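Single-structure report; data block below.
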Amino acid sequence: MPKINGNEIRPGNILEHNAGLWIAVKVDHVKPGKGGAFAQVEMKNLRNGSKLNERFRSADKVEKVRLDQKDQQFLYETDGMLVFMDMETYEQIELPADILGDRRPFLQDGMTIQIEYYESEAISASLPQKVTCTVVETEPAVKGQTAANSFKPAVLDNGVRVMVPPFVGQDEAIIVNTETMEYTERA
């Protein structure tokens, strides 16, 4: 694996540090009046989610890790485990349902998601940015309510609550951004 200097760390880099895999969340380059410059790095552990603040001087060497990304198709859920199939080899893997965090309700049967691997270990999974959902419950539109930024609450077919514009009605298909968990447009 390539080693990089401490001052070359950028947000989003994945590093091997203290026998763990960490993603650099925030990097501040500090040049104090006395002493040498350093990078103050806020990191998050990819395996257990713990956070760590660490200082790296430019002379410090850090292992930069490259993750392999594979598109895999969601098949089904069993006993808190999600089963995915590799689209090329048809090999199936099981991952814990909490790997998707609060975006889990947006996972749909047959959906292709991107799973990142470190060697043969699945580290993270990401859904497509936009997912189509159906509104199952919302208030009817109030006539004359034309304020520019008025939104109303709605419940989707997966149980998630989002704010939608007043013109969106019940049983309508909408597109939701899975990163912000907000309404983007009608389907």
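Naming works like this for the structure tokens: A, B, ... for the chains as they're shown, residue 1 at the start of each chain, ligands 1 onward in shown order.
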
Distance query range 25-32 of chain A at most 9 Å, only C-alpha atoms, self and fewer than 4 positions along chain excluded, as a VMD selection string: chain A and resid 7 9 to 13 36 to 44

Could you write out that same residue set with N, CA, C and O atoms as a compact mmCIF listing (two decimals), in the first residue's frame?
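So result-v2.txt came out as:
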```
# COMPACT_ATOMS: atom_id res chain seq x y z
N ASN A 7 1.14 15.64 5.73
CA ASN A 7 0.53 16.86 5.17
C ASN A 7 -0.21 16.62 3.86
O ASN A 7 -0.77 17.54 3.29
N ILE A 9 -2.69 14.33 3.62
CA ILE A 9 -3.99 13.73 3.94
C ILE A 9 -5.09 14.71 3.55
O ILE A 9 -5.03 15.90 3.84
N ARG A 10 -6.10 14.19 2.88
CA ARG A 10 -7.24 15.00 2.43
C ARG A 10 -8.53 14.38 2.97
O ARG A 10 -8.59 13.17 3.20
N PRO A 11 -9.60 15.18 3.14
CA PRO A 11 -10.88 14.61 3.57
C PRO A 11 -11.34 13.54 2.58
O PRO A 11 -11.23 13.71 1.38
N GLY A 12 -11.83 12.42 3.10
CA GLY A 12 -12.28 11.33 2.25
C GLY A 12 -11.23 10.25 2.07
O GLY A 12 -11.55 9.15 1.62
N ASN A 13 -9.95 10.55 2.40
CA ASN A 13 -8.90 9.53 2.32
C ASN A 13 -9.16 8.44 3.35
O ASN A 13 -9.60 8.73 4.46
N GLY A 36 7.07 23.09 14.02
CA GLY A 36 6.76 22.77 12.63
C GLY A 36 5.27 22.70 12.36
O GLY A 36 4.45 22.59 13.28
N ALA A 37 4.92 22.78 11.10
CA ALA A 37 3.52 22.69 10.69
C ALA A 37 3.04 21.25 10.84
O ALA A 37 3.82 20.31 10.80
N PHE A 38 1.72 21.12 11.01
CA PHE A 38 1.13 19.79 11.11
C PHE A 38 -0.30 19.81 10.58
O PHE A 38 -0.88 20.88 10.38
N ALA A 39 -0.82 18.61 10.35
CA ALA A 39 -2.21 18.47 9.92
C ALA A 39 -3.00 17.90 11.09
O ALA A 39 -2.65 16.85 11.63
N GLN A 40 -4.05 18.61 11.51
CA GLN A 40 -4.95 18.13 12.56
C GLN A 40 -6.08 17.39 11.84
O GLN A 40 -6.83 18.00 11.09
N VAL A 41 -6.15 16.06 12.02
CA VAL A 41 -7.07 15.24 11.25
C VAL A 41 -8.13 14.63 12.16
O VAL A 41 -7.80 13.97 13.15
N GLU A 42 -9.40 14.88 11.80
CA GLU A 42 -10.51 14.22 12.50
C GLU A 42 -10.86 12.98 11.68
O GLU A 42 -11.16 13.08 10.50
N MET A 43 -10.80 11.80 12.33
CA MET A 43 -11.01 10.55 11.62
C MET A 43 -12.16 9.76 12.24
O MET A 43 -12.43 9.89 13.43
N LYS A 44 -12.79 8.93 11.40
CA LYS A 44 -13.87 8.06 11.87
C LYS A 44 -13.51 6.63 11.49
O LYS A 44 -13.12 6.36 10.36
```

Which residues of range 104-146 of chain A sit at most 12 Å from range 87-95 of chain A, using only C-alpha atoms? Give each one's shortest atom pair and distance in Å (one decimal place), in chain and ascending residue order, as JSON lines.
```
{"residue": "A:Gly110", "atom": "CA", "partner": "A:Met87", "partner_atom": "CA", "distance": 11.2}
{"residue": "A:Met111", "atom": "CA", "partner": "A:Met87", "partner_atom": "CA", "distance": 11.5}
{"residue": "A:Thr112", "atom": "CA", "partner": "A:Met87", "partner_atom": "CA", "distance": 9.0}
{"residue": "A:Ile113", "atom": "CA", "partner": "A:Met87", "partner_atom": "CA", "distance": 10.7}
{"residue": "A:Gln114", "atom": "CA", "partner": "A:Met87", "partner_atom": "CA", "distance": 11.1}
{"residue": "A:Ile115", "atom": "CA", "partner": "A:Leu95", "partner_atom": "CA", "distance": 10.1}
{"residue": "A:Glu116", "atom": "CA", "partner": "A:Leu95", "partner_atom": "CA", "distance": 11.9}
{"residue": "A:Tyr117", "atom": "CA", "partner": "A:Leu95", "partner_atom": "CA", "distance": 11.8}
{"residue": "A:Ser120", "atom": "CA", "partner": "A:Ile93", "partner_atom": "CA", "distance": 11.0}
{"residue": "A:Glu121", "atom": "CA", "partner": "A:Leu95", "partner_atom": "CA", "distance": 10.1}
{"residue": "A:Ala122", "atom": "CA", "partner": "A:Leu95", "partner_atom": "CA", "distance": 7.7}
{"residue": "A:Ile123", "atom": "CA", "partner": "A:Leu95", "partner_atom": "CA", "distance": 9.6}
{"residue": "A:Ser124", "atom": "CA", "partner": "A:Leu95", "partner_atom": "CA", "distance": 9.6}
{"residue": "A:Ala125", "atom": "CA", "partner": "A:Leu95", "partner_atom": "CA", "distance": 9.4}
```

Now that the selection is made, can you save its residues with all heavy atoms as an mmCIF file, in the first residue's frame?
```cif
data_model
loop_
_atom_site.group_PDB
_atom_site.id
_atom_site.type_symbol
_atom_site.label_atom_id
_atom_site.label_comp_id
_atom_site.auth_asym_id
_atom_site.auth_seq_id
_atom_site.Cartn_x
_atom_site.Cartn_y
_atom_site.Cartn_z
ATOM 1 N N GLY A 110 -34.170 -6.207 -5.407
ATOM 2 C CA GLY A 110 -33.555 -6.142 -6.721
ATOM 3 C C GLY A 110 -32.704 -4.904 -6.963
ATOM 4 O O GLY A 110 -32.130 -4.747 -8.034
ATOM 5 N N MET A 111 -32.594 -4.004 -5.975
ATOM 6 C CA MET A 111 -31.835 -2.758 -6.136
ATOM 7 C C MET A 111 -30.333 -3.060 -6.215
ATOM 8 O O MET A 111 -29.822 -3.916 -5.508
ATOM 9 C CB MET A 111 -32.125 -1.827 -4.955
ATOM 10 C CG MET A 111 -31.404 -0.506 -5.020
ATOM 11 S SD MET A 111 -31.791 0.529 -3.596
ATOM 12 C CE MET A 111 -33.304 1.267 -4.152
ATOM 13 N N THR A 112 -29.639 -2.359 -7.101
ATOM 14 C CA THR A 112 -28.185 -2.493 -7.209
ATOM 15 C C THR A 112 -27.542 -1.420 -6.352
ATOM 16 O O THR A 112 -27.821 -0.234 -6.522
ATOM 17 C CB THR A 112 -27.739 -2.339 -8.676
ATOM 18 O OG1 THR A 112 -28.383 -3.340 -9.454
ATOM 19 C CG2 THR A 112 -26.237 -2.478 -8.799
ATOM 20 N N ILE A 113 -26.706 -1.842 -5.405
ATOM 21 C CA ILE A 113 -26.007 -0.887 -4.552
ATOM 22 C C ILE A 113 -24.506 -1.109 -4.691
ATOM 23 O O ILE A 113 -24.065 -2.144 -5.200
ATOM 24 C CB ILE A 113 -26.435 -0.987 -3.073
ATOM 25 C CG1 ILE A 113 -25.903 -2.265 -2.442
ATOM 26 C CG2 ILE A 113 -27.927 -0.896 -2.920
ATOM 27 C CD1 ILE A 113 -25.990 -2.214 -0.946
ATOM 28 N N GLN A 114 -23.730 -0.124 -4.229
ATOM 29 C CA GLN A 114 -22.278 -0.209 -4.341
ATOM 30 C C GLN A 114 -21.703 -0.563 -2.973
ATOM 31 O O GLN A 114 -21.947 0.131 -1.989
ATOM 32 C CB GLN A 114 -21.726 1.125 -4.826
ATOM 33 C CG GLN A 114 -20.294 1.046 -5.269
ATOM 34 C CD GLN A 114 -19.864 2.325 -5.942
ATOM 35 O OE1 GLN A 114 -19.805 3.352 -5.298
ATOM 36 N NE2 GLN A 114 -19.569 2.248 -7.225
ATOM 37 N N ILE A 115 -20.942 -1.662 -2.930
ATOM 38 C CA ILE A 115 -20.319 -2.108 -1.684
ATOM 39 C C ILE A 115 -18.817 -1.928 -1.821
ATOM 40 O O ILE A 115 -18.231 -2.283 -2.848
ATOM 41 C CB ILE A 115 -20.676 -3.576 -1.382
ATOM 42 C CG1 ILE A 115 -22.189 -3.696 -1.206
ATOM 43 C CG2 ILE A 115 -19.948 -4.064 -0.135
ATOM 44 C CD1 ILE A 115 -22.686 -5.084 -0.938
ATOM 45 N N GLU A 116 -18.192 -1.347 -0.782
ATOM 46 C CA GLU A 116 -16.747 -1.122 -0.794
ATOM 47 C C GLU A 116 -16.068 -2.195 0.052
ATOM 48 O O GLU A 116 -16.488 -2.467 1.171
ATOM 49 C CB GLU A 116 -16.420 0.262 -0.252
ATOM 50 C CG GLU A 116 -16.883 1.365 -1.177
ATOM 51 C CD GLU A 116 -16.454 2.741 -0.725
ATOM 52 O OE1 GLU A 116 -16.546 3.040 0.479
ATOM 53 O OE2 GLU A 116 -16.027 3.511 -1.586
ATOM 54 N N TYR A 117 -15.024 -2.788 -0.528
ATOM 55 C CA TYR A 117 -14.293 -3.869 0.131
ATOM 56 C C TYR A 117 -12.872 -3.443 0.436
ATOM 57 O O TYR A 117 -12.224 -2.786 -0.363
ATOM 58 C CB TYR A 117 -14.213 -5.100 -0.782
ATOM 59 C CG TYR A 117 -15.503 -5.837 -0.947
ATOM 60 C CD1 TYR A 117 -16.384 -5.514 -1.968
ATOM 61 C CD2 TYR A 117 -15.842 -6.868 -0.090
ATOM 62 C CE1 TYR A 117 -17.573 -6.205 -2.133
ATOM 63 C CE2 TYR A 117 -17.023 -7.565 -0.239
ATOM 64 C CZ TYR A 117 -17.885 -7.234 -1.262
ATOM 65 O OH TYR A 117 -19.055 -7.911 -1.409
ATOM 66 N N SER A 120 -10.917 -8.660 1.492
ATOM 67 C CA SER A 120 -12.161 -9.384 1.215
ATOM 68 C C SER A 120 -13.265 -8.997 2.195
ATOM 69 O O SER A 120 -14.327 -9.602 2.215
ATOM 70 C CB SER A 120 -11.912 -10.888 1.270
ATOM 71 O OG SER A 120 -11.515 -11.244 2.581
ATOM 72 N N GLU A 121 -13.026 -7.967 3.003
ATOM 73 C CA GLU A 121 -13.994 -7.536 4.023
ATOM 74 C C GLU A 121 -14.838 -6.373 3.509
ATOM 75 O O GLU A 121 -14.300 -5.372 3.041
ATOM 76 C CB GLU A 121 -13.230 -7.104 5.285
ATOM 77 C CG GLU A 121 -14.101 -6.586 6.378
ATOM 78 C CD GLU A 121 -13.295 -5.978 7.528
ATOM 79 O OE1 GLU A 121 -12.059 -5.886 7.433
ATOM 80 O OE2 GLU A 121 -13.932 -5.580 8.507
ATOM 81 N N ALA A 122 -16.162 -6.508 3.598
ATOM 82 C CA ALA A 122 -17.063 -5.420 3.192
ATOM 83 C C ALA A 122 -17.040 -4.351 4.276
ATOM 84 O O ALA A 122 -17.323 -4.631 5.440
ATOM 85 C CB ALA A 122 -18.467 -5.949 2.992
ATOM 86 N N ILE A 123 -16.695 -3.123 3.887
ATOM 87 C CA ILE A 123 -16.562 -2.030 4.850
ATOM 88 C C ILE A 123 -17.796 -1.134 4.846
ATOM 89 O O ILE A 123 -18.290 -0.737 5.880
ATOM 90 C CB ILE A 123 -15.303 -1.181 4.529
ATOM 91 C CG1 ILE A 123 -14.049 -2.032 4.684
ATOM 92 C CG2 ILE A 123 -15.224 0.047 5.385
ATOM 93 C CD1 ILE A 123 -13.750 -2.455 6.100
ATOM 94 N N SER A 124 -18.290 -0.779 3.661
ATOM 95 C CA SER A 124 -19.440 0.127 3.597
ATOM 96 C C SER A 124 -20.293 -0.190 2.379
ATOM 97 O O SER A 124 -19.848 -0.838 1.435
ATOM 98 C CB SER A 124 -18.976 1.585 3.545
ATOM 99 O OG SER A 124 -18.367 1.859 2.312
ATOM 100 N N ALA A 125 -21.520 0.305 2.427
ATOM 101 C CA ALA A 125 -22.449 0.116 1.314
ATOM 102 C C ALA A 125 -23.168 1.433 1.081
ATOM 103 O O ALA A 125 -23.500 2.140 2.038
ATOM 104 C CB ALA A 125 -23.452 -0.985 1.638
#
```

All residues 7 Å or closer to range 181-186 of chain A, only C-alpha atoms, same chain fewer than 3 positions away omitted, as a ChimeraX atom specification: /A:162-164,173-178

Counting only C-alpha atoms, the option among A:Glu119, A:Ser58, A:Thr78, A:Gly33 closest to Leu21 in chain A: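 Of A:Glu119, A:Ser58, A:Thr78, A:Gly33, the one nearest Leu21 in chain A, counting only C-alpha atoms, is A:Glu119.
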
d(CA of Lys34 in chain A, CA of Asp60 in chain A) in Å: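 Going from CA of Lys34 in chain A over to CA of Asp60 in chain A, I get 18.5 Å.
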
Point-to-point distance in Å for CA of Leu127 in chain A and CA of Gln69 in chain A: 12.7 Å

In range 22-92 of chain A, what's strand (DSSP E or B) per DSSP? Answer as a PDB file with C-alpha atoms, in the first residue's frame?
```pdb
ATOM      1  CA  TRP A  22     -10.117   5.252   9.324  1.00  0.00           C
ATOM      2  CA  ILE A  23     -11.696   7.773   6.970  1.00  0.00           C
ATOM      3  CA  ALA A  24     -10.433  11.358   7.210  1.00  0.00           C
ATOM      4  CA  VAL A  25     -13.540  13.453   7.894  1.00  0.00           C
ATOM      5  CA  LYS A  26     -11.957  16.870   8.460  1.00  0.00           C
ATOM      6  CA  VAL A  27      -8.391  18.052   7.892  1.00  0.00           C
ATOM      7  CA  ASP A  28      -6.970  21.358   9.189  1.00  0.00           C
ATOM      8  CA  HIS A  29      -3.435  22.375   8.242  1.00  0.00           C
ATOM      9  CA  VAL A  30      -1.904  24.312  11.152  1.00  0.00           C
ATOM     10  CA  PHE A  38       1.132  19.789  11.112  1.00  0.00           C
ATOM     11  CA  ALA A  39      -2.206  18.473   9.921  1.00  0.00           C
ATOM     12  CA  GLN A  40      -4.955  18.126  12.559  1.00  0.00           C
ATOM     13  CA  VAL A  41      -7.067  15.236  11.247  1.00  0.00           C
ATOM     14  CA  GLU A  42     -10.508  14.222  12.502  1.00  0.00           C
ATOM     15  CA  MET A  43     -11.007  10.547  11.615  1.00  0.00           C
ATOM     16  CA  LYS A  44     -13.870   8.055  11.865  1.00  0.00           C
ATOM     17  CA  ASN A  45     -13.314   4.312  12.220  1.00  0.00           C
ATOM     18  CA  LYS A  51     -13.929   9.047  16.195  1.00  0.00           C
ATOM     19  CA  LEU A  52     -10.342  10.118  16.716  1.00  0.00           C
ATOM     20  CA  ASN A  53      -8.439  13.407  16.452  1.00  0.00           C
ATOM     21  CA  GLU A  54      -4.810  12.966  15.492  1.00  0.00           C
ATOM     22  CA  ARG A  55      -1.891  15.244  14.576  1.00  0.00           C
ATOM     23  CA  PHE A  56       0.347  14.310  11.681  1.00  0.00           C
ATOM     24  CA  ARG A  57       3.583  16.179  10.965  1.00  0.00           C
ATOM     25  CA  LYS A  61       4.168   8.468   7.050  1.00  0.00           C
ATOM     26  CA  VAL A  62       0.626   7.071   6.868  1.00  0.00           C
ATOM     27  CA  GLU A  63      -0.690   4.113   4.865  1.00  0.00           C
ATOM     28  CA  LYS A  64      -3.329   5.215   2.363  1.00  0.00           C
ATOM     29  CA  VAL A  65      -5.804   2.434   1.594  1.00  0.00           C
ATOM     30  CA  ASP A  68     -12.438  -1.974  -4.148  1.00  0.00           C
ATOM     31  CA  GLN A  69     -15.965  -1.037  -5.218  1.00  0.00           C
ATOM     32  CA  LYS A  70     -18.403  -3.616  -6.530  1.00  0.00           C
ATOM     33  CA  ASP A  71     -21.983  -3.268  -7.691  1.00  0.00           C
ATOM     34  CA  GLN A  72     -24.125  -5.893  -6.003  1.00  0.00           C
ATOM     35  CA  GLN A  73     -27.826  -6.691  -6.199  1.00  0.00           C
ATOM     36  CA  PHE A  74     -29.977  -6.889  -3.058  1.00  0.00           C
ATOM     37  CA  LEU A  75     -31.830 -10.201  -2.868  1.00  0.00           C
ATOM     38  CA  TYR A  76     -33.517 -10.497   0.546  1.00  0.00           C
ATOM     39  CA  GLU A  77     -33.201  -9.964   4.316  1.00  0.00           C
ATOM     40  CA  THR A  78     -32.962 -12.784   6.844  1.00  0.00           C
ATOM     41  CA  MET A  81     -28.674  -9.825   7.653  1.00  0.00           C
ATOM     42  CA  LEU A  82     -28.964  -8.436   4.108  1.00  0.00           C
ATOM     43  CA  VAL A  83     -28.117 -10.866   1.307  1.00  0.00           C
ATOM     44  CA  PHE A  84     -26.442  -9.438  -1.822  1.00  0.00           C
ATOM     45  CA  MET A  85     -25.332 -11.086  -5.051  1.00  0.00           C
ATOM     46  CA  ASP A  86     -22.265 -10.197  -7.097  1.00  0.00           C
ATOM     47  CA  GLN A  92     -23.784 -14.250  -2.511  1.00  0.00           C
TER      48      GLN A  92
END
```

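The residue that comes closest to Asn48 in chain A, out of A:Leu15, A:Ile99, A:Val135, A:Ile4 and on the basis of only C-alpha atoms, is A:Ile99.
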
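Interatomic distance, CA of His17 in chain A against CA of Tyr118 in chain A: 14.2 Å.
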
All residues 9 Å or closer to range 155-160 of chain A, only C-alpha atoms, same chain fewer than 3 positions away omitted, as a PyMOL selection string: chain A and resi 105-106+133-138+163+181

Store the residues picked out above in a file with N, CA, C and O atoms, as a PDB file, in the first residue's frame.
```
ATOM      1  N   PRO A 105     -34.357   1.867   5.183  1.00  0.00           N
ATOM      2  CA  PRO A 105     -35.704   1.741   4.614  1.00  0.00           C
ATOM      3  C   PRO A 105     -35.770   1.960   3.094  1.00  0.00           C
ATOM      4  O   PRO A 105     -36.712   1.518   2.453  1.00  0.00           O
ATOM      5  N   PHE A 106     -34.778   2.646   2.514  1.00  0.00           N
ATOM      6  CA  PHE A 106     -34.807   2.928   1.080  1.00  0.00           C
ATOM      7  C   PHE A 106     -34.326   1.749   0.230  1.00  0.00           C
ATOM      8  O   PHE A 106     -34.424   1.782  -0.988  1.00  0.00           O
ATOM      9  N   CYS A 133     -40.194   6.375  -4.467  1.00  0.00           N
ATOM     10  CA  CYS A 133     -41.054   5.887  -3.400  1.00  0.00           C
ATOM     11  C   CYS A 133     -42.480   6.372  -3.653  1.00  0.00           C
ATOM     12  O   CYS A 133     -42.695   7.309  -4.424  1.00  0.00           O
ATOM     13  N   THR A 134     -43.457   5.747  -2.989  1.00  0.00           N
ATOM     14  CA  THR A 134     -44.854   6.135  -3.129  1.00  0.00           C
ATOM     15  C   THR A 134     -45.335   6.774  -1.834  1.00  0.00           C
ATOM     16  O   THR A 134     -45.041   6.274  -0.740  1.00  0.00           O
ATOM     17  N   VAL A 135     -46.074   7.877  -1.946  1.00  0.00           N
ATOM     18  CA  VAL A 135     -46.642   8.552  -0.779  1.00  0.00           C
ATOM     19  C   VAL A 135     -47.880   7.762  -0.356  1.00  0.00           C
ATOM     20  O   VAL A 135     -48.799   7.566  -1.149  1.00  0.00           O
ATOM     21  N   VAL A 136     -47.914   7.283   0.901  1.00  0.00           N
ATOM     22  CA  VAL A 136     -49.078   6.532   1.362  1.00  0.00           C
ATOM     23  C   VAL A 136     -49.997   7.371   2.249  1.00  0.00           C
ATOM     24  O   VAL A 136     -51.162   7.048   2.423  1.00  0.00           O
ATOM     25  N   GLU A 137     -49.449   8.459   2.786  1.00  0.00           N
ATOM     26  CA  GLU A 137     -50.272   9.285   3.667  1.00  0.00           C
ATOM     27  C   GLU A 137     -49.768  10.723   3.629  1.00  0.00           C
ATOM     28  O   GLU A 137     -48.586  10.970   3.820  1.00  0.00           O
ATOM     29  N   THR A 138     -50.673  11.658   3.349  1.00  0.00           N
ATOM     30  CA  THR A 138     -50.335  13.074   3.397  1.00  0.00           C
ATOM     31  C   THR A 138     -51.627  13.872   3.508  1.00  0.00           C
ATOM     32  O   THR A 138     -52.713  13.354   3.234  1.00  0.00           O
ATOM     33  N   MET A 163     -40.837  15.794   3.940  1.00  0.00           N
ATOM     34  CA  MET A 163     -41.641  16.984   3.644  1.00  0.00           C
ATOM     35  C   MET A 163     -41.783  17.073   2.128  1.00  0.00           C
ATOM     36  O   MET A 163     -40.796  16.940   1.405  1.00  0.00           O
ATOM     37  N   MET A 181     -32.223  12.610   2.452  1.00  0.00           N
ATOM     38  CA  MET A 181     -33.534  12.077   2.828  1.00  0.00           C
ATOM     39  C   MET A 181     -34.619  13.141   2.635  1.00  0.00           C
ATOM     40  O   MET A 181     -35.461  13.357   3.492  1.00  0.00           O
TER      41      MET A 181
END
```

Expected answer as a PDB file with N, CA and C atoms, in the first residue's frame: helix (DSSP H, G or I) residues in range 33-108 of chain A:
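Everything below was put into states-v3.pdb:
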```pdb
ATOM      1  N   ALA A  97     -27.651  -5.648   8.631  1.00  0.00           N
ATOM      2  CA  ALA A  97     -28.604  -4.645   8.137  1.00  0.00           C
ATOM      3  C   ALA A  97     -28.208  -3.228   8.540  1.00  0.00           C
ATOM      4  N   ASP A  98     -27.444  -3.078   9.632  1.00  0.00           N
ATOM      5  CA  ASP A  98     -27.077  -1.730  10.075  1.00  0.00           C
ATOM      6  C   ASP A  98     -25.933  -1.115   9.266  1.00  0.00           C
ATOM      7  N   ILE A  99     -25.422  -1.818   8.249  1.00  0.00           N
ATOM      8  CA  ILE A  99     -24.357  -1.256   7.405  1.00  0.00           C
ATOM      9  C   ILE A  99     -24.872  -0.035   6.632  1.00  0.00           C
ATOM     10  N   LEU A 100     -26.178   0.037   6.377  1.00  0.00           N
ATOM     11  CA  LEU A 100     -26.769   1.173   5.663  1.00  0.00           C
ATOM     12  C   LEU A 100     -27.220   2.283   6.614  1.00  0.00           C
ATOM     13  N   GLY A 101     -27.232   2.024   7.912  1.00  0.00           N
ATOM     14  CA  GLY A 101     -27.635   3.038   8.890  1.00  0.00           C
ATOM     15  C   GLY A 101     -29.084   3.444   8.727  1.00  0.00           C
ATOM     16  N   ASP A 102     -29.355   4.753   8.810  1.00  0.00           N
ATOM     17  CA  ASP A 102     -30.741   5.242   8.735  1.00  0.00           C
ATOM     18  C   ASP A 102     -31.289   5.250   7.310  1.00  0.00           C
ATOM     19  N   ARG A 103     -30.485   4.894   6.322  1.00  0.00           N
ATOM     20  CA  ARG A 103     -30.970   4.811   4.943  1.00  0.00           C
ATOM     21  C   ARG A 103     -31.522   3.416   4.609  1.00  0.00           C
ATOM     22  N   ARG A 104     -31.497   2.506   5.552  1.00  0.00           N
ATOM     23  CA  ARG A 104     -31.962   1.131   5.362  1.00  0.00           C
ATOM     24  C   ARG A 104     -33.369   1.042   4.763  1.00  0.00           C
ATOM     25  N   PRO A 105     -34.357   1.867   5.183  1.00  0.00           N
ATOM     26  CA  PRO A 105     -35.704   1.741   4.614  1.00  0.00           C
ATOM     27  C   PRO A 105     -35.770   1.960   3.094  1.00  0.00           C
ATOM     28  N   PHE A 106     -34.778   2.646   2.514  1.00  0.00           N
ATOM     29  CA  PHE A 106     -34.807   2.928   1.080  1.00  0.00           C
ATOM     30  C   PHE A 106     -34.326   1.749   0.230  1.00  0.00           C
TER      31      PHE A 106
END
```
